[in-house]
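**Student:** Structure supplied as coords_33.cif; contents: mmCIF, C-alpha atoms.
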```
data_data
loop_
_atom_site.label_atom_id
_atom_site.label_comp_id
_atom_site.auth_asym_id
_atom_site.auth_seq_id
_atom_site.Cartn_x
_atom_site.Cartn_y
_atom_site.Cartn_z
CA MET A 1 123.75 131.34 50.77
CA ALA A 2 124.68 132.12 54.35
CA HIS A 3 125.75 135.65 55.12
CA SER A 4 129.11 136.33 56.75
CA GLY A 5 128.62 136.48 60.52
CA ILE A 6 130.62 139.67 60.98
CA ASN A 7 128.06 141.59 58.95
CA VAL A 8 125.63 141.33 61.85
CA LEU A 9 127.62 144.09 63.56
CA PHE A 10 126.94 146.48 60.67
CA GLU A 11 123.32 145.52 60.13
CA GLY A 12 121.16 148.58 60.85
CA ARG A 13 122.21 150.22 64.12
CA ASN A 14 123.53 147.06 65.80
CA LEU A 15 127.06 148.33 66.43
CA ILE A 16 125.80 151.69 67.70
CA ARG A 17 123.36 149.87 70.01
CA LEU A 18 126.21 147.76 71.40
CA PHE A 19 128.25 150.85 72.19
CA GLY A 20 125.14 152.40 73.73
CA GLY A 21 124.82 149.34 75.95
CA LEU A 22 128.49 149.63 76.85
CA TRP A 23 127.92 153.25 77.87
CA THR A 24 125.08 152.14 80.17
CA THR A 25 127.37 149.53 81.70
CA VAL A 26 130.20 152.02 82.23
CA GLU A 27 127.84 154.70 83.57
CA ILE A 28 126.33 152.39 86.21
CA ALA A 29 129.75 151.05 87.20
CA ALA A 30 131.28 154.55 87.39
CA VAL A 31 128.54 156.06 89.55
CA ALA A 32 128.46 152.98 91.80
CA LEU A 33 132.25 153.07 92.18
CA VAL A 34 132.38 156.77 93.07
CA LEU A 35 129.65 156.40 95.69
CA GLY A 36 130.94 153.06 96.93
CA LEU A 37 134.58 154.11 97.23
CA ILE A 38 133.69 157.27 99.17
CA LEU A 39 131.39 155.37 101.54
CA GLY A 40 133.91 152.54 101.80
CA VAL A 41 136.68 154.89 102.91
CA ILE A 42 134.44 156.30 105.65
CA LEU A 43 133.37 152.84 106.82
CA GLY A 44 136.95 151.58 106.67
CA VAL A 45 138.12 154.39 108.94
CA LEU A 46 135.25 153.72 111.34
CA ARG A 47 136.22 150.04 111.50
CA THR A 48 139.54 151.01 113.07
CA PHE A 49 137.83 152.83 115.95
CA PRO A 50 137.85 151.09 119.37
CA ASN A 51 134.02 150.97 119.61
CA ARG A 52 133.20 147.24 119.61
CA LEU A 53 129.52 147.62 118.73
CA LEU A 54 130.34 149.85 115.74
CA ARG A 55 132.97 147.41 114.51
CA LEU A 56 130.55 144.49 114.90
CA VAL A 57 127.81 146.22 112.89
CA LEU A 58 130.22 147.16 110.11
CA ARG A 59 131.68 143.65 110.12
CA LEU A 60 128.19 142.18 109.67
CA TYR A 61 127.57 144.63 106.84
CA LEU A 62 130.76 143.48 105.14
CA GLU A 63 130.00 139.79 105.58
CA PHE A 64 126.44 140.19 104.26
CA PHE A 65 127.62 141.70 100.97
CA ARG A 66 130.60 139.35 100.78
CA ILE A 67 128.65 136.13 101.39
CA VAL A 68 125.43 136.83 99.47
CA PRO A 69 126.00 136.43 95.70
CA THR A 70 125.60 139.61 93.65
CA VAL A 71 122.88 138.04 91.53
CA VAL A 72 120.84 137.37 94.70
CA LEU A 73 121.35 140.98 95.83
CA LEU A 74 120.09 142.24 92.47
CA PHE A 75 116.96 140.09 92.67
CA LEU A 76 116.42 141.07 96.32
CA PHE A 77 116.67 144.80 95.67
CA TYR A 78 114.79 144.76 92.36
CA TYR A 79 111.99 142.24 92.82
CA ILE A 80 111.45 141.65 96.56
CA LEU A 81 112.23 144.77 98.59
CA PRO A 82 110.35 147.24 96.33
CA LYS A 83 107.23 145.07 96.54
CA GLN A 84 107.49 144.78 100.33
CA LEU A 85 108.25 148.47 100.86
CA GLY A 86 105.98 149.83 98.16
CA VAL A 87 108.86 151.56 96.40
CA ASN A 88 109.28 151.59 92.63
CA MET A 89 112.85 152.15 91.42
CA PRO A 90 114.12 151.91 87.83
CA ALA A 91 116.42 148.99 87.14
CA ASN A 92 119.41 151.27 86.50
CA GLN A 93 119.03 152.91 89.91
CA VAL A 94 118.65 149.56 91.65
CA ALA A 95 121.79 148.29 89.92
CA THR A 96 123.73 151.41 90.92
CA LEU A 97 122.58 151.09 94.54
CA VAL A 98 123.47 147.40 94.80
CA PHE A 99 126.90 147.85 93.27
CA ALA A 100 127.60 150.94 95.39
CA LEU A 101 126.73 149.11 98.63
CA TRP A 102 128.78 146.08 97.58
CA THR A 103 131.74 148.27 96.61
CA ALA A 104 131.52 150.14 99.93
CA ALA A 105 131.61 146.86 101.86
CA GLU A 106 134.67 145.57 100.02
CA MET A 107 136.38 148.95 100.09
CA SER A 108 135.91 149.25 103.85
CA ASP A 109 137.94 146.07 104.33
CA ILE A 110 140.68 147.32 102.00
CA VAL A 111 140.90 150.65 103.84
CA ARG A 112 140.88 149.00 107.24
CA GLY A 113 143.67 146.64 106.22
CA ALA A 114 145.74 149.51 104.83
CA LEU A 115 145.27 151.66 107.94
CA ILE A 116 146.30 148.95 110.37
CA SER A 117 149.32 148.20 108.15
CA VAL A 118 150.75 151.69 108.68
CA PRO A 119 153.79 151.25 110.96
CA LYS A 120 152.91 151.71 114.62
CA HIS A 121 155.66 154.26 115.19
CA GLN A 122 154.00 156.58 112.64
CA ARG A 123 150.82 156.63 114.74
CA GLU A 124 152.81 157.12 117.92
CA SER A 125 154.80 159.97 116.38
CA GLY A 126 151.60 161.75 115.39
CA MET A 127 150.17 161.40 118.87
CA ALA A 128 153.44 162.57 120.39
CA ILE A 129 153.24 165.92 118.59
CA GLY A 130 149.70 166.47 119.85
CA LEU A 131 147.55 165.48 116.88
CA ASN A 132 143.96 164.61 117.69
CA ARG A 133 142.23 161.60 116.11
CA LEU A 134 140.93 163.52 113.08
CA GLN A 135 144.31 165.13 112.43
CA LEU A 136 146.07 161.79 112.91
CA TYR A 137 143.96 160.16 110.23
CA ARG A 138 144.08 163.15 107.90
CA TYR A 139 147.80 163.92 108.01
CA VAL A 140 149.45 160.61 108.97
CA LEU A 141 147.43 157.43 108.52
CA ILE A 142 145.29 158.01 105.41
CA PRO A 143 148.09 159.50 103.22
CA GLN A 144 150.33 156.51 103.97
CA ALA A 145 147.49 154.01 103.59
CA VAL A 146 146.67 155.24 100.07
CA SER A 147 149.75 153.65 98.50
CA LEU A 148 149.02 150.39 100.33
CA GLU A 149 145.38 150.18 99.26
CA LEU A 150 145.61 151.43 95.69
CA PRO A 151 146.44 148.09 93.95
CA ALA A 152 143.62 146.31 95.80
CA THR A 153 141.26 149.19 95.00
CA ILE A 154 142.03 148.96 91.28
CA ASN A 155 141.43 145.20 91.39
CA LEU A 156 138.07 145.90 93.06
CA VAL A 157 137.20 148.30 90.24
CA THR A 158 137.88 145.59 87.63
CA ARG A 159 135.73 143.12 89.59
CA VAL A 160 132.85 145.56 89.68
CA ILE A 161 133.08 146.22 85.94
CA LYS A 162 133.14 142.50 85.14
CA THR A 163 130.23 141.76 87.45
CA THR A 164 128.05 144.27 85.59
CA SER A 165 127.48 141.42 83.14
CA LEU A 166 124.72 140.33 85.57
CA LEU A 167 122.69 143.48 84.95
CA MET A 168 120.68 141.88 82.16
CA LEU A 169 119.00 139.71 84.81
CA ILE A 170 117.05 142.75 86.05
CA SER A 171 116.34 144.05 82.53
CA VAL A 172 119.01 146.76 82.45
CA MET A 173 119.85 147.53 78.82
CA ASP A 174 123.56 146.96 79.29
CA VAL A 175 125.92 145.70 76.60
CA ILE A 176 125.17 142.03 77.37
CA ASN A 177 121.42 142.54 77.14
CA VAL A 178 121.72 144.50 73.90
CA GLY A 179 124.03 141.83 72.50
CA GLN A 180 121.50 139.12 73.31
CA GLN A 181 118.77 141.08 71.54
CA VAL A 182 120.97 141.58 68.48
CA VAL A 183 121.73 137.84 68.34
CA GLU A 184 118.08 136.82 68.66
CA ALA A 185 116.90 139.33 66.05
CA ASN A 186 119.51 138.28 63.48
CA ASN A 187 119.95 134.59 64.23
CA GLN A 188 118.32 133.30 61.05
CA LYS A 189 120.07 135.69 58.69
CA TYR A 190 123.44 135.44 60.45
CA PRO A 191 123.69 132.01 62.15
CA THR A 192 127.31 132.61 63.16
CA GLY A 193 126.66 136.19 64.21
CA VAL A 194 126.58 135.17 67.87
CA PHE A 195 130.36 134.64 67.82
CA TRP A 196 130.96 138.12 66.44
CA VAL A 197 128.53 139.85 68.79
CA TYR A 198 129.92 138.25 71.91
CA GLY A 199 133.41 138.56 70.49
CA ILE A 200 133.08 142.36 70.26
CA ILE A 201 131.60 142.41 73.79
CA PHE A 202 134.65 140.47 75.00
CA VAL A 203 136.93 143.03 73.33
CA MET A 204 135.01 145.87 75.01
CA TYR A 205 135.37 144.39 78.49
CA PHE A 206 139.00 143.47 77.84
CA ALA A 207 139.82 147.00 76.66
CA ILE A 208 138.44 148.41 79.92
CA ASP A 209 139.67 145.84 82.43
CA TYR A 210 143.11 144.82 81.15
CA PRO A 211 144.79 148.26 81.49
CA LEU A 212 143.45 148.56 85.03
CA SER A 213 144.66 145.06 85.93
CA TRP A 214 148.08 145.77 84.43
CA TRP A 215 148.30 149.05 86.36
CA ALA A 216 147.41 147.33 89.64
CA LYS A 217 150.07 144.63 89.14
CA ARG A 218 152.69 147.23 88.23
CA MET A 219 151.94 149.34 91.30
CA ASP A 220 152.01 146.30 93.58
CA LYS A 221 155.34 145.24 92.10
CA LYS A 222 156.83 148.71 92.68
CA ARG A 223 155.54 148.73 96.25
CA LEU A 224 157.19 145.37 96.94
CA GLU A 225 160.45 146.55 95.36
CA ARG A 226 160.48 149.64 97.60
CA ALA A 227 159.73 147.51 100.65
CA ASN A 228 162.54 145.06 99.84
CA GLY A 229 164.94 147.74 98.65
#
```
Show the structure stored in the file as structure tokens.

**Tutor:**
Amino acid sequence: MAHSGINVLFEGRNLIRLFGGLWTTVEIAAVALVLGLILGVILGVLRTFPNRLLRLVLRLYLEFFRIVPTVVLLFLFYYILPKQLGVNMPANQVATLVFALWTAAEMSDIVRGALISVPKHQRESGMAIGLNRLQLYRYVLIPQAVSLELPATINLVTRVIKTTSLLMLISVMDVINVGQQVVEANNQKYPTGVFWVYGIIFVMYFAIDYPLSWWAKRMDKKRLERANG
């Protein structure tokens, strides 16, 4: 007699292992986001400077991480570059580095777009009262750009979290990888267990991403209402 598929979640430590994998996923995403968002803000500000060479280099950096698929970046940084450079990095660190660099590239474009969207008269007013470039960005441009970039930043966060599903390709013990192991180990005893394992993984991702997506849409809606009001 076939066992009920849902029981696979409560077999041994399967459920605890899944939550452990989720913690690994969240930890990598969180560290990568913190590092990436900070670096992205700096790069975004630099992209508004008049130096053409600097803007070209940063534009190429953005296009590289935007055009090359994330899965290719993971393979490049995990399998190819360490062998060529003689560097041995754990998979979790490689994943954090790749996601941080990708986040920084995308964030730089968000910040740049927000900064150039600040009304021109605000910049001129700051310059008129004698603010230097650093003071202009600190007290005028960046504070006003925050409200413009926040919805896009939250959407970027959700994209990063969802893309962590690729981490199993470089042997990171994330929730997807753990789920696959649970399915393979219990496939004969629980033939329908795969639906429950991946179902709980879906619920985990949904519980993290949906509130963020809802928040981003709400903030964008309020911003549009203020602009039209």

**Student:** Which one is closest to Gly21 of chain A: A:Lys217, A:Gln93, A:Met173, A:Glu63? Count all atoms listed in the file.

**Tutor:**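 Distance minimum relative to Gly21 of chain A lands on A:Met173.
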
**Student:** For the structure shown, which residues end up in the PyMOL selection byres ((chain A and resi 110) around 12)? Put them as number ranges by chain, please?

**Tutor:** A: 37, 40-45, 47-48, 62, 103-109, 111-117, 145-156

**Student:** Could you check which of A:Tyr198, A:Val157, A:Ile80, A:Ala95 is closest to Val34 of chain A, using only C-alpha atoms?

**Tutor:**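 Checking each candidate against Val34 of chain A, we get A:Val157 as the closest.
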
**Student:** What lies within 8 Å of Thr158 of chain A using all atoms listed in the file, ignoring chain neighbours under 3 positions off, as a list in words?

**Tutor:**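 Using all atoms listed in the file, the neighbours found are Ile154, Asn155, Ile161, Lys162, Asp209, Leu212 and Ser213 of chain A.
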
**Student:** Near Gln181 of chain A, within 12 Å and counting only C-alpha atoms, which residues show up once chain neighbours fewer than 5 positions away are dropped, as a PyMOL selection string?

**Tutor:** chain A and resi 8+14+17-18+21+168+171+173-176+186-187+193-194+197-198

**Student:** Here is a test: counting only C-alpha atoms, which residue of A:Leu101, A:Ile208, A:Leu131, A:Ile28 is nearest to Arg66 of chain A?

**Tutor:**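 Distance minimum relative to Arg66 of chain A lands on A:Leu101.
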
**Student:** Using Å and a single decimal, report how far atom CA of Ser125 of chain A sits from atom CA of Gln144 of chain A.

**Tutor:**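 Computing the Euclidean distance for atom CA of Gln144 of chain A and atom CA of Ser125 of chain A yields 13.6 Å.
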
**Student:** For segment 97-100 of chain A, list every protein, DNA or RNA residue within 9 Å, evaluated using all atoms listed in the file, and leave out those in the same chain fewer than 5 positions away; present the list as a PyMOL selection string.

**Tutor:** chain A and resi 28-29+31-37+39+70+73-74+77+92+105+160+164

**Student:** In terms of the shortest atom-to-atom distance over only C-alpha atoms, which of A:Trp215, A:Lys222, A:Met127, A:Thr96 is closest to Val26 of chain A?

**Tutor:**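 Ranked by minimum distance to Val26 of chain A, first place goes to A:Thr96.
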
**Student:** Interatomic distance between atom CA of Trp102 of chain A and atom CA of Phe65 of chain A?

**Tutor:**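 Between these atoms lies a distance of 5.7 Å.
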
**Student:** Could I get segment 51-62 of chain A rebuilt with all heavy atoms, written as a JSON list (two decimals), in the coordinates of the input?

**Tutor:**
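Writing the result to out-v2.json gives the following:
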```
[["chain", "number", "residue", "atom", "x", "y", "z"],
["A", 51, "ASN", "N", 135.39, 151.31, 119.24],
["A", 51, "ASN", "CA", 134.02, 150.97, 119.61],
["A", 51, "ASN", "C", 133.65, 149.58, 119.09],
["A", 51, "ASN", "O", 133.54, 149.36, 117.88],
["A", 51, "ASN", "CB", 133.06, 152.02, 119.03],
["A", 51, "ASN", "CG", 131.65, 151.87, 119.54],
["A", 51, "ASN", "OD1", 131.08, 150.78, 119.52],
["A", 51, "ASN", "ND2", 131.07, 152.97, 120.00],
["A", 52, "ARG", "N", 133.45, 148.63, 120.00],
["A", 52, "ARG", "CA", 133.20, 147.24, 119.61],
["A", 52, "ARG", "C", 131.87, 147.07, 118.88],
["A", 52, "ARG", "O", 131.77, 146.30, 117.93],
["A", 52, "ARG", "CB", 133.24, 146.34, 120.84],
["A", 52, "ARG", "CG", 134.64, 146.18, 121.44],
["A", 52, "ARG", "CD", 134.63, 145.16, 122.55],
["A", 52, "ARG", "NE", 135.98, 144.94, 123.07],
["A", 52, "ARG", "CZ", 136.26, 144.06, 124.03],
["A", 52, "ARG", "NH1", 135.28, 143.33, 124.56],
["A", 52, "ARG", "NH2", 137.49, 143.92, 124.46],
["A", 53, "LEU", "N", 130.84, 147.75, 119.37],
["A", 53, "LEU", "CA", 129.52, 147.62, 118.73],
["A", 53, "LEU", "C", 129.56, 148.14, 117.30],
["A", 53, "LEU", "O", 129.03, 147.51, 116.38],
["A", 53, "LEU", "CB", 128.47, 148.39, 119.54],
["A", 53, "LEU", "CG", 127.04, 148.37, 118.97],
["A", 53, "LEU", "CD1", 126.52, 146.95, 118.87],
["A", 53, "LEU", "CD2", 126.12, 149.24, 119.82],
["A", 54, "LEU", "N", 130.22, 149.27, 117.09],
["A", 54, "LEU", "CA", 130.34, 149.85, 115.74],
["A", 54, "LEU", "C", 131.10, 148.89, 114.83],
["A", 54, "LEU", "O", 130.68, 148.65, 113.69],
["A", 54, "LEU", "CB", 131.06, 151.19, 115.82],
["A", 54, "LEU", "CG", 131.32, 151.90, 114.49],
["A", 54, "LEU", "CD1", 130.02, 152.23, 113.78],
["A", 54, "LEU", "CD2", 132.16, 153.16, 114.70],
["A", 55, "ARG", "N", 132.18, 148.34, 115.33],
["A", 55, "ARG", "CA", 132.97, 147.41, 114.51],
["A", 55, "ARG", "C", 132.18, 146.15, 114.19],
["A", 55, "ARG", "O", 132.30, 145.59, 113.09],
["A", 55, "ARG", "CB", 134.27, 147.07, 115.22],
["A", 55, "ARG", "CG", 135.29, 148.21, 115.22],
["A", 55, "ARG", "CD", 136.63, 147.76, 115.72],
["A", 55, "ARG", "NE", 136.58, 147.34, 117.13],
["A", 55, "ARG", "CZ", 137.61, 146.82, 117.78],
["A", 55, "ARG", "NH1", 138.75, 146.64, 117.16],
["A", 55, "ARG", "NH2", 137.49, 146.50, 119.05],
["A", 56, "LEU", "N", 131.36, 145.68, 115.13],
["A", 56, "LEU", "CA", 130.55, 144.49, 114.90],
["A", 56, "LEU", "C", 129.51, 144.75, 113.81],
["A", 56, "LEU", "O", 129.33, 143.93, 112.90],
["A", 56, "LEU", "CB", 129.85, 144.07, 116.20],
["A", 56, "LEU", "CG", 128.85, 142.90, 116.07],
["A", 56, "LEU", "CD1", 129.57, 141.64, 115.60],
["A", 56, "LEU", "CD2", 128.14, 142.66, 117.40],
["A", 57, "VAL", "N", 128.83, 145.88, 113.89],
["A", 57, "VAL", "CA", 127.81, 146.22, 112.89],
["A", 57, "VAL", "C", 128.43, 146.32, 111.50],
["A", 57, "VAL", "O", 127.90, 145.78, 110.52],
["A", 57, "VAL", "CB", 127.11, 147.54, 113.26],
["A", 57, "VAL", "CG1", 126.20, 148.01, 112.12],
["A", 57, "VAL", "CG2", 126.30, 147.38, 114.54],
["A", 58, "LEU", "N", 129.57, 147.00, 111.41],
["A", 58, "LEU", "CA", 130.22, 147.16, 110.11],
["A", 58, "LEU", "C", 130.79, 145.84, 109.60],
["A", 58, "LEU", "O", 130.82, 145.60, 108.39],
["A", 58, "LEU", "CB", 131.33, 148.21, 110.22],
["A", 58, "LEU", "CG", 130.86, 149.63, 110.52],
["A", 58, "LEU", "CD1", 132.04, 150.59, 110.64],
["A", 58, "LEU", "CD2", 129.90, 150.12, 109.44],
["A", 59, "ARG", "N", 131.21, 144.97, 110.52],
["A", 59, "ARG", "CA", 131.68, 143.65, 110.12],
["A", 59, "ARG", "C", 130.54, 142.82, 109.55],
["A", 59, "ARG", "O", 130.69, 142.13, 108.53],
["A", 59, "ARG", "CB", 132.30, 142.93, 111.32],
["A", 59, "ARG", "CG", 132.83, 141.54, 111.00],
["A", 59, "ARG", "CD", 134.04, 141.59, 110.10],
["A", 59, "ARG", "NE", 134.48, 140.27, 109.70],
["A", 59, "ARG", "CZ", 135.54, 140.04, 108.95],
["A", 59, "ARG", "NH1", 136.27, 141.04, 108.51],
["A", 59, "ARG", "NH2", 135.88, 138.82, 108.62],
["A", 60, "LEU", "N", 129.37, 142.90, 110.17],
["A", 60, "LEU", "CA", 128.19, 142.18, 109.67],
["A", 60, "LEU", "C", 127.78, 142.71, 108.30],
["A", 60, "LEU", "O", 127.37, 141.94, 107.42],
["A", 60, "LEU", "CB", 127.04, 142.30, 110.66],
["A", 60, "LEU", "CG", 127.22, 141.57, 112.00],
["A", 60, "LEU", "CD1", 126.06, 141.88, 112.93],
["A", 60, "LEU", "CD2", 127.34, 140.06, 111.78],
["A", 61, "TYR", "N", 127.88, 144.02, 108.14],
["A", 61, "TYR", "CA", 127.57, 144.63, 106.84],
["A", 61, "TYR", "C", 128.50, 144.08, 105.77],
["A", 61, "TYR", "O", 128.06, 143.71, 104.66],
["A", 61, "TYR", "CB", 127.71, 146.15, 106.96],
["A", 61, "TYR", "CG", 127.68, 146.90, 105.65],
["A", 61, "TYR", "CD1", 126.49, 147.07, 104.94],
["A", 61, "TYR", "CD2", 128.85, 147.44, 105.11],
["A", 61, "TYR", "CE1", 126.47, 147.77, 103.74],
["A", 61, "TYR", "CE2", 128.83, 148.14, 103.91],
["A", 61, "TYR", "CZ", 127.64, 148.30, 103.23],
["A", 61, "TYR", "OH", 127.63, 148.98, 102.05],
["A", 62, "LEU", "N", 129.79, 144.02, 106.09],
["A", 62, "LEU", "CA", 130.76, 143.48, 105.14],
["A", 62, "LEU", "C", 130.45, 142.03, 104.80],
["A", 62, "LEU", "O", 130.43, 141.66, 103.61],
["A", 62, "LEU", "CB", 132.18, 143.60, 105.72],
["A", 62, "LEU", "CG", 133.28, 142.82, 104.98],
["A", 62, "LEU", "CD1", 133.49, 143.38, 103.58],
["A", 62, "LEU", "CD2", 134.57, 142.84, 105.77]]
```
